[in-house]
Every structure is written in structure tokens, then in C-alpha cells.
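> Below: one structure in C-alpha cells.
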Amino acid sequence: MENVVARPHEIDAASPVASPIACLAPAPVDTISAAPTRLSGATPVVAPPGTATAQPSVTPCASATLASEAMPSPALWRHAKPSPWNPWLIGLTGLAGLWQWLGLGYALRQWGELAALSALPVLLLTPMHWGLIHESIHGQLRLKPRANERTGRALSLWLGLPYEIMRFGHLMHHRFTRQPYDQPDISPLLADAPLASRAGRWIGYQSRLLGGMWLSELFAPLITWVPAKRLPALAHRALGADPQDEDVRRRAVMFATDPVRRRRIQRDFVVLLVALGLALWAYGPWWPVFVATFVARGVWLSIADNLPHFGVALDEPARARNFHATALGRLLVLNHHLHRVHHQYPTAPWHLLPEIDTAQPTQGPVIAYWRAVLRQFAGPLPPSSLRADTVQASPVSQAAP
């Protein structure tokens, strides 16, 4: 069986759109099956302000200045070591998760509703918590692969996420960014479609933003109990029948029928159910507080998932966007306000993304992160938003009525 997720650091040039730095990269390889060499001791050198950098060329890369003193090799960014801050952040988010699941329940029993205020820091750390899982998916949370996977799997439990499915789905998203199956913000309905149809599409989109995506991931492990012969039809219903997505559906079925992965997913789901039972027991009569915090974190995950690709045209670099963020915001999202940079260098650790952006800035609309969070609630967009001539237009003005 073709291995898609066992070595997550293998998917580098994930976007089907040519990067402006493509000519500086090593020769193209099959990003799913090739085995890369990890340059763990690499330290990136950022070009000083005003220094000329190598430009992409339509000629073979022999003419590019890979040895330029002003521009380090992309391999130095792709395979640098994980951030030295990761152990501290793992401890912080792990303790926050432990408090949410068990500690807060005890505190509520002892001190009453005032203790519920201690859930606010837990909610605030949700994007960082997901960011660390994201680093694990790309092989950049821990230096040793086994420790990297185990830590990511443990952190996923606190958010109710099936690690095996999340890893597969996220790497597929990188490889097939903004293909038809990966366009939740696009409505295929015409402007003169019946009001009921447009209203249904709008409600479905808002529901996805307000936790629907997280709920689908929470219960996704149930597919491992579906007979294998029914999975192709299920893939068509879940991923659509567009011919462009045939490879996506094929890989999804191969993944869901793999017996080893099915056992891992089933095991993790059973552990999650046991953990949920313990948490509800620990909260006792205060169990609605746990449910509220659990769901609130899922709502944020759903909102953040849609944000960096909302309204992105198919010819934008890496088919993703960068955003402005405050210093605190950059820390909480682990620099993934620079989502375009991440898609250009999927295995670059989070602490290097600002350096890469400084050395190789790309053109495109850049707005504040909080504005990007709000604007996606305007509603689903028409297919015309995928064209290049609408990139600079406001997505709000393009929203389907």
C-alpha cells in the first residue's frame, strides 16, 4: 500500500502552484514516496535588509545562485531542528489540558463557579495547543520520530482529535490545496438559485465554522468500523465526485482500509471515550462546564482551519495567505499567521517562519489576523472568487446572498 503519512516530513513541495523560489530548491522528487535526508544541524542565514536575492528563472536551475552568500539553501529551512522552546510549550499546554479535563472539575466542587474562570487561560492556549500538534504532523515537534509521534498523539487527545486521521488529512491538504474537495468556502449555487437552497448552503457553511468541522473530526474514527467495501461510496459522498479529486478519494480509501491504521484509530478512539468518561465523573454535577470548554476549543479549531484559505484564488502563491499579528498573537498561533510561508516550506519549524518571510517576501493581500477571523463569517463565496482578477476584491462583497 502506498504510504502517505508514515513519514510526514516527506511532503515538502506540497502546493500544486509553483513557488516563486522553486528554482532555488533541489531537483523535484516524488514528495509522497521519496526519503529525504534530514539536515538537523542546519542554521539558516537570513539576508540583511536591502541585499539582492536570487530570482526565479524559467531556465534550468544551474543558472541560479544556490551558493549565494545572501540566500541560504531552502534545505536549511526545510530540515532545521525543532524549536528549543517546544518542550516548554508542550509542558504548558499539557498542563492546561490536564487542568481542563480533571483539575477544574475538582476545583469547581471545592470552590464553586468562581473556579470556572480558570478555564479562560486554557481556551486562550487552544491555538498554541493545535500548533504543537501541527508541528508533530510535519515531524518538527520532537527530534526523534517516535517521540515526535507519541507526543503529538497525546496532545491530540486533549482536543478530542484523532491523530492518525488528522495527520493524513492535513498532509493531503498540503498536497492537494484548494482542489474542489478542499474548497469549503465556495458555493456552487448560482445567484438566482432558490432562496431555500442558498439559505441552506449559508447555514451549512456557518455550522462548519462554528464547530462543525471539529465535530466531523471527533467522530471520524467511526469510519474504521465501516466495512471496507462501502468506503469508496462513502468517499464520494464525503469528498465529492469531481474528477480532479479522484486521486484524493483513492488515497482516502487506501488509508481507511489499511488494517494497521484502522486498529490505531480504533484504539485512540476508545482511549478518548474512557478519558471523556473520567472527565465527566471528575466534574460531577459541574459536567456542563467541561462540555462547554471542550466544545469551545473545537469551535476555535473550526474557525482557524478555514481562515488562511478563505477566498484564496487558485493562482495565488502556495494557495494560502499571510496575515499581520501582534507579538502575543504570533506566539499563540506559533507564527502560523504566516500560512503562505508554511505552505511553501511545510517542514520548516514554526520559529523560522518569520525569518523565511523576511528573506523571501511574496506579494498578495495581507490583513490583520483578527480581521481575517471575522470576514469569513460573511458567508460562502461564488466560484468567481477563485479567479485571479478577484483576488484584490473584498470577500465580503463577493459573498453569496
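In the C-alpha cells, chains take letters A, B, ... by order of appearance, with residues numbered from 1 within each chain and ligands from 1 in the order shown.
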I'd like the contact shell of range 157-167 of chain A - 6 Å cut-off, only C-alpha atoms, skipping same-chain residues fewer than 2 positions apart - returned as a list in words.
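Listed by chain and then number, they are Gly97, Ile137, Arg153, Ala154, Leu155, Gly169, His170 and Leu218 of chain A.
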> Go through range 60-307 of chain A and collect every residue that DSSP, computed from the backbone, puts in helix (DSSP H, G or I); the answer should be as an MDAnalysis selection string.
chainID A and resid 61:63 74:78 86:124 126:137 145:158 163:175 180:182 195:218 220:225 228:239 243:257 259:307
> Which residue gives the smallest distance to Leu276 in chain A among A:Arg109, A:Leu231, A:Ser384, A:Phe294, with only C-alpha atoms counted?
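For Leu276 in chain A, the nearest of the given residues is A:Phe294.
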> Gln183 in chain A: which residues within 10 Å, counting only C-alpha atoms, same-chain residues fewer than 3 positions away excluded, as a list in words?
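These residues fall inside the cut-off: Thr177, Arg178, Gln179, Pro180, Ile186, Ser187, Asn306, His309, Phe310, Gly311, Val312, Pro380, Leu381, Pro383 and Leu386 of chain A.
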> As an exercise, work out the distance from CA of Arg340 in chain A to CA of Asn322 in chain A in Å and give it to one decimal place.
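CA of Asn322 in chain A lies 5.4 Å from CA of Arg340 in chain A.
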> Taking only C-alpha atoms into account, name the residue in A:Leu239, A:Ala147, A:Val253, A:Ala116 that is nearest to Pro288 in chain A.
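That would be A:Ala116, the residue with the smallest distance to Pro288 in chain A.
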> Nearest residue to Thr347 in chain A out of A:Gln244, A:Thr126, A:Gln206, A:Ser136, using only C-alpha atoms?
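Looking at the shortest contact to Thr347 in chain A, the residue is A:Ser136.
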